[in-house]
Amino acid sequence: MTDLRHHGDAELAPGLVDLAVNVRAGTPPAWLRTVLHEAVDASAGYPDPRAAHAAVAAAHGRDPAEVLLTAGAAEAFTLLARAVPARHGVVVHPSFTEPEAALRAAGRPVTRLLLDAADGYRLDPAAVPEDADLVVIGNPTNPTSVLHPAGALAALARPGRVLLVDEAFADTVPGEPESLAGRTDLPGLLVVRSLTKTWGLAGLRVGYALGPAELIAALAEQQPHWPVSTPALAALEACTSATARAEAADAAVALAGHRAALLDALPPGVEVLGQPCSSFVLLRVPDGERVRSALREHGWAVRRGDTFPGLSTDHLRVAVRDPGTSRAFAATLAEILAGAPVPAPTAPTSEETG
């Protein structure tokens with residue numbers, strides 16, 4: 001049985017270079033740390049979400065009634081599973097497993113729609129059953145790094161159906177060309193976003209959902225009082241400012257170059273699956289379980305693939321880092337695949353990380 005509760009942080013251990021978790025390295029930035037420190041100092045009182053709520057709504061051009069602040073994107077999945085009595089939920093895989101886990105925990109029937117590697121893990125809207133009253137898909141999708149066209153996702157929306165689009169990695173794509181976050185014309189569309197990846201706030205648990213006011217209200221009824229902490233609210237307000245959004249856009253452009261450097265460095269025998277567009281790539285290697293174990297022995301943590309429905313032990317998800325780190329990783333991977341002795345790991349020099 002697939003372990004839907006396994007996530008990349010379980011791959012980490014002291015001394016390992018982290019290629020298993022898709023949080024941008026070097027974050028949160030200094031200015032955001034200052035915001036968080038000030039928010040901790042102001043945490044004696046109960047959280048006041050009004051400023052953060054207004055900031056998120058303004059950033060996406062939404063009515064405030066169409067915005068729900070959440071303790072991370074994962075909370076939104078649980079709220080939806082509890083609030084929407086879906087009779088036939090369809091989760092498009094391979095994808096982040098928390099939505100399916102939340103649906104199953106709430107007793108909702110779930111069908112998996114497995115996309116095909118031979119087709120680049122691209123979505124065919126016609127493959128989604130007509131009777132599905134809940135459809136879940138990521139865009140870009142974790143772990144395939146595939147970016148689906150907005151039109152293909154919009155084609156899934158219809159009256160009587162909730163369409164949940166997980167956009168936790170949307171801001172890793174320059175310009176966010178396929179985002180549906182600003183769409184208010186699609187019935188039942190719920191877009192979930194996160195600050196975790198670009199801003200390095202996994203431990204803070206901060207995200208939000210955008211959707212029709214009546215659906216947002218139903219989800220809000222499932223929340224306890226004060227679900228989002230004062231530091232998380234401060235982060236939401238700060239990271240949705242025009243200045244922060246511009247910084248995130250610059251980071252997405254830089255990421256594209258770093259991803260290209262990783263792909264260029266990969267040795268023969270490694271298959272890159274799909275057309276990666278986000279902060280990670282999905283690889284297939286022969287004898288993947290041995291390769292992953294050997295990588296750990298030589299200082300590298302990567303995300304195992306077999307806990308994603310539709311993938312196997314030969315699949316590895318690798319986070320994009322700076323080019324020097326990627327070249328060092330690729331050199332170790334090449335030695336492992338060749339069966340040759342691997343030199344002891346060394347930290348990349350400043351020249352290598354440029």
# chains A, B, ... in the order shown; residues from 1 in each chain; ligands from 1
call {"tool": "residues_around", "arguments": {"residues": "stretch 37-41 of chain A", "least_positions_apart": "3", "cutoff": "12 Å", "atoms": "only C-alpha atoms", "output": "count of residues only"}}
result
22
call {"tool": "closest_residue", "arguments": {"among": "A:His148, A:Arg304, A:Arg321, A:Arg122", "to": "A:Asp3", "atoms": "only C-alpha atoms"}}
result
A:Arg304
call {"tool": "select_by_dssp", "arguments": {"residues": "stretch 94-333 of chain A", "states": "strand (DSSP E or B)", "output": "count of residues only"}}
result
42
call {"tool": "atom_distance", "arguments": {"atom1": "atom CA of A:Ala170", "atom2": "atom CA of A:Pro140"}}
result
6.2 Å
call {"tool": "closest_residue", "arguments": {"among": "A:Leu311, A:Val35, A:Ala58, A:Ala249", "to": "A:Pro94", "atoms": "only C-alpha atoms"}}
result
A:Leu311
call {"tool": "residues_around", "arguments": {"residues": "stretch 284-289 of chain A", "least_positions_apart": "3", "cutoff": "6 Å", "atoms": "only C-alpha atoms", "output": "VMD selection string"}}
result
chain A and resid 270 to 271 292 313 to 315
call {"tool": "write_last_selection", "arguments": {"atoms": "N, CA, C and O atoms", "output": "PDB file, in the first residue's frame"}}
result
ATOM      1  N   VAL A 270      20.415   8.470 -16.776  1.00  0.00           N
ATOM      2  CA  VAL A 270      19.373   9.123 -15.983  1.00  0.00           C
ATOM      3  C   VAL A 270      18.313   9.654 -16.934  1.00  0.00           C
ATOM      4  O   VAL A 270      18.631  10.411 -17.859  1.00  0.00           O
ATOM      5  N   GLU A 271      17.072   9.272 -16.729  1.00  0.00           N
ATOM      6  CA  GLU A 271      15.983   9.730 -17.571  1.00  0.00           C
ATOM      7  C   GLU A 271      15.226  10.839 -16.855  1.00  0.00           C
ATOM      8  O   GLU A 271      14.756  10.662 -15.732  1.00  0.00           O
ATOM      9  N   ARG A 292      19.512   5.385  -4.490  1.00  0.00           N
ATOM     10  CA  ARG A 292      19.124   6.320  -3.425  1.00  0.00           C
ATOM     11  C   ARG A 292      19.891   6.031  -2.142  1.00  0.00           C
ATOM     12  O   ARG A 292      20.352   6.950  -1.456  1.00  0.00           O
ATOM     13  N   THR A 313      10.250   2.592  -7.145  1.00  0.00           N
ATOM     14  CA  THR A 313      11.525   2.839  -6.471  1.00  0.00           C
ATOM     15  C   THR A 313      12.589   3.368  -7.425  1.00  0.00           C
ATOM     16  O   THR A 313      13.612   3.900  -6.974  1.00  0.00           O
ATOM     17  N   ASP A 314      12.375   3.238  -8.725  1.00  0.00           N
ATOM     18  CA  ASP A 314      13.334   3.770  -9.696  1.00  0.00           C
ATOM     19  C   ASP A 314      13.144   5.266  -9.940  1.00  0.00           C
ATOM     20  O   ASP A 314      13.920   5.872 -10.676  1.00  0.00           O
ATOM     21  N   HIS A 315      12.121   5.854  -9.348  1.00  0.00           N
ATOM     22  CA  HIS A 315      11.873   7.282  -9.510  1.00  0.00           C
ATOM     23  C   HIS A 315      12.452   8.049  -8.322  1.00  0.00           C
ATOM     24  O   HIS A 315      12.265   7.661  -7.169  1.00  0.00           O
TER      25      HIS A 315
END
call {"tool": "atom_distance", "arguments": {"atom1": "atom CA of A:Leu189", "atom2": "atom CA of A:Arg205"}}
result
22.8 Å
call {"tool": "residues_around", "arguments": {"residues": "stretch 71-82 of chain A", "least_positions_apart": "6", "cutoff": "6 Å", "atoms": "only C-alpha atoms", "output": "PDB file with C-alpha atoms, in the first residue's frame"}}
result
ATOM      1  CA  PRO A  99      -5.242  15.836  -0.565  1.00  0.00           C
ATOM      2  CA  ALA A 102      -7.309  14.021   3.819  1.00  0.00           C
ATOM      3  CA  LEU A 103     -10.200  12.793   1.688  1.00  0.00           C
ATOM      4  CA  ALA A 106     -12.821  11.995   6.073  1.00  0.00           C
ATOM      5  CA  SER A 194       1.465  28.389  -0.048  1.00  0.00           C
ATOM      6  CA  ARG A 205       2.508  26.745   8.305  1.00  0.00           C
ATOM      7  CA  VAL A 206       1.129  29.542   6.172  1.00  0.00           C
ATOM      8  CA  GLY A 207      -1.070  29.410   3.086  1.00  0.00           C
ATOM      9  CA  LEU A 219     -14.364  25.719   4.675  1.00  0.00           C
ATOM     10  CA  GLN A 222     -14.459  23.849   9.783  1.00  0.00           C
ATOM     11  CA  VAL A 228      -3.339  31.234  11.648  1.00  0.00           C
TER      12      VAL A 228
END
call {"tool": "residues_around", "arguments": {"residues": "A:Glu178", "least_positions_apart": "5", "cutoff": "8 Å", "atoms": "only C-alpha atoms", "output": "VMD selection string"}}
result
chain A and resid 139 147 to 150
call {"tool": "write_last_selection", "arguments": {"atoms": "C-alpha atoms", "output": "short mmCIF file (atom, residue, chain, number, x, y, z; two decimals), in the first residue's frame"}}
result
data_model
loop_
_atom_site.label_atom_id
_atom_site.label_comp_id
_atom_site.auth_asym_id
_atom_site.auth_seq_id
_atom_site.Cartn_x
_atom_site.Cartn_y
_atom_site.Cartn_z
CA ASN A 139 -0.13 22.89 -11.09
CA LEU A 147 2.92 22.66 -15.76
CA HIS A 148 -0.55 22.01 -17.17
CA PRO A 149 -2.16 24.59 -19.49
CA ALA A 150 -4.70 26.77 -17.71
#
call {"tool": "closest_residue", "arguments": {"among": "A:Gly182, A:Pro276, A:Pro143, A:Pro174", "to": "A:Pro309", "atoms": "only C-alpha atoms"}}
result
A:Pro143
call {"tool": "residues_around", "arguments": {"residues": "A:Gly200", "least_positions_apart": "5", "cutoff": "10 Å", "atoms": "only C-alpha atoms", "output": "JSON, numbers by chain"}}
result
{"A": [22, 23, 24, 25, 26, 27, 28, 29, 32, 195]}
call {"tool": "residues_around", "arguments": {"residues": "A:Ala57", "least_positions_apart": "6", "cutoff": "12 Å", "atoms": "only C-alpha atoms", "output": "PyMOL selection string"}}
result
chain A and resi 50-51+63-69+181-182+208-211+236-237+240-241
call {"tool": "select_by_dssp", "arguments": {"residues": "stretch 227-307 of chain A", "states": "alpha helix (DSSP H)", "output": "PyMOL selection string"}}
result
chain A and resi 230-239+242-265+288-297
call {"tool": "atom_distance", "arguments": {"atom1": "atom CA of A:Gly203", "atom2": "atom CA of A:Ala220"}}
result
22.2 Å
call {"tool": "closest_residue", "arguments": {"among": "A:Gly160, A:Gly61, A:Pro129, A:Pro14", "to": "A:Val84", "atoms": "only C-alpha atoms"}}
result
A:Gly160
call {"tool": "closest_residue", "arguments": {"among": "A:Val302, A:Ala213, A:Leu123, A:Leu295", "to": "A:Ala334", "atoms": "only C-alpha atoms"}}
result
A:Leu295
call {"tool": "decode", "arguments": {"residues": "stretch 182-197 of chain A", "atoms": "N, CA, C and O atoms", "output": "PDB file, in the first residue's frame"}}
result
ATOM      1  N   GLY A 182      -6.623  34.111 -10.218  1.00  0.00           N
ATOM      2  CA  GLY A 182      -7.449  35.290 -10.410  1.00  0.00           C
ATOM      3  C   GLY A 182      -8.773  35.015 -11.086  1.00  0.00           C
ATOM      4  O   GLY A 182      -9.576  35.948 -11.268  1.00  0.00           O
ATOM      5  N   ARG A 183      -9.051  33.753 -11.417  1.00  0.00           N
ATOM      6  CA  ARG A 183     -10.279  33.424 -12.144  1.00  0.00           C
ATOM      7  C   ARG A 183     -11.468  33.339 -11.182  1.00  0.00           C
ATOM      8  O   ARG A 183     -11.455  32.568 -10.220  1.00  0.00           O
ATOM      9  N   THR A 184     -12.501  34.110 -11.481  1.00  0.00           N
ATOM     10  CA  THR A 184     -13.728  34.060 -10.685  1.00  0.00           C
ATOM     11  C   THR A 184     -14.918  33.586 -11.514  1.00  0.00           C
ATOM     12  O   THR A 184     -16.039  33.532 -11.012  1.00  0.00           O
ATOM     13  N   ASP A 185     -14.669  33.237 -12.766  1.00  0.00           N
ATOM     14  CA  ASP A 185     -15.751  32.855 -13.670  1.00  0.00           C
ATOM     15  C   ASP A 185     -15.962  31.348 -13.752  1.00  0.00           C
ATOM     16  O   ASP A 185     -16.894  30.893 -14.431  1.00  0.00           O
ATOM     17  N   LEU A 186     -15.119  30.564 -13.078  1.00  0.00           N
ATOM     18  CA  LEU A 186     -15.192  29.107 -13.179  1.00  0.00           C
ATOM     19  C   LEU A 186     -15.937  28.550 -11.975  1.00  0.00           C
ATOM     20  O   LEU A 186     -15.499  28.732 -10.832  1.00  0.00           O
ATOM     21  N   PRO A 187     -17.026  27.847 -12.174  1.00  0.00           N
ATOM     22  CA  PRO A 187     -17.807  27.350 -11.033  1.00  0.00           C
ATOM     23  C   PRO A 187     -17.023  26.323 -10.218  1.00  0.00           C
ATOM     24  O   PRO A 187     -16.367  25.441 -10.769  1.00  0.00           O
ATOM     25  N   GLY A 188     -17.088  26.476  -8.905  1.00  0.00           N
ATOM     26  CA  GLY A 188     -16.501  25.492  -8.009  1.00  0.00           C
ATOM     27  C   GLY A 188     -14.994  25.458  -7.964  1.00  0.00           C
ATOM     28  O   GLY A 188     -14.409  24.536  -7.378  1.00  0.00           O
ATOM     29  N   LEU A 189     -14.310  26.463  -8.539  1.00  0.00           N
ATOM     30  CA  LEU A 189     -12.844  26.460  -8.553  1.00  0.00           C
ATOM     31  C   LEU A 189     -12.292  26.899  -7.204  1.00  0.00           C
ATOM     32  O   LEU A 189     -12.612  27.990  -6.719  1.00  0.00           O
ATOM     33  N   LEU A 190     -11.439  26.073  -6.619  1.00  0.00           N
ATOM     34  CA  LEU A 190     -10.739  26.399  -5.381  1.00  0.00           C
ATOM     35  C   LEU A 190      -9.248  26.296  -5.645  1.00  0.00           C
ATOM     36  O   LEU A 190      -8.742  25.214  -5.963  1.00  0.00           O
ATOM     37  N   VAL A 191      -8.548  27.408  -5.537  1.00  0.00           N
ATOM     38  CA  VAL A 191      -7.100  27.452  -5.745  1.00  0.00           C
ATOM     39  C   VAL A 191      -6.421  27.565  -4.392  1.00  0.00           C
ATOM     40  O   VAL A 191      -6.767  28.435  -3.587  1.00  0.00           O
ATOM     41  N   VAL A 192      -5.459  26.685  -4.144  1.00  0.00           N
ATOM     42  CA  VAL A 192      -4.737  26.669  -2.869  1.00  0.00           C
ATOM     43  C   VAL A 192      -3.301  27.101  -3.115  1.00  0.00           C
ATOM     44  O   VAL A 192      -2.635  26.590  -4.033  1.00  0.00           O
ATOM     45  N   ARG A 193      -2.828  28.036  -2.304  1.00  0.00           N
ATOM     46  CA  ARG A 193      -1.470  28.573  -2.448  1.00  0.00           C
ATOM     47  C   ARG A 193      -0.719  28.435  -1.119  1.00  0.00           C
ATOM     48  O   ARG A 193      -1.311  28.258  -0.062  1.00  0.00           O
ATOM     49  N   SER A 194       0.613  28.556  -1.221  1.00  0.00           N
ATOM     50  CA  SER A 194       1.465  28.389  -0.048  1.00  0.00           C
ATOM     51  C   SER A 194       2.633  29.358  -0.118  1.00  0.00           C
ATOM     52  O   SER A 194       3.094  29.699  -1.210  1.00  0.00           O
ATOM     53  N   LEU A 195       3.120  29.779   1.043  1.00  0.00           N
ATOM     54  CA  LEU A 195       4.355  30.576   1.113  1.00  0.00           C
ATOM     55  C   LEU A 195       5.565  29.713   1.418  1.00  0.00           C
ATOM     56  O   LEU A 195       6.687  30.214   1.512  1.00  0.00           O
ATOM     57  N   THR A 196       5.357  28.424   1.569  1.00  0.00           N
ATOM     58  CA  THR A 196       6.413  27.524   2.034  1.00  0.00           C
ATOM     59  C   THR A 196       7.603  27.492   1.098  1.00  0.00           C
ATOM     60  O   THR A 196       8.756  27.569   1.543  1.00  0.00           O
ATOM     61  N   LYS A 197       7.372  27.354  -0.195  1.00  0.00           N
ATOM     62  CA  LYS A 197       8.432  26.959  -1.117  1.00  0.00           C
ATOM     63  C   LYS A 197       9.378  28.110  -1.432  1.00  0.00           C
ATOM     64  O   LYS A 197      10.594  27.979  -1.286  1.00  0.00           O
TER      65      LYS A 197
END
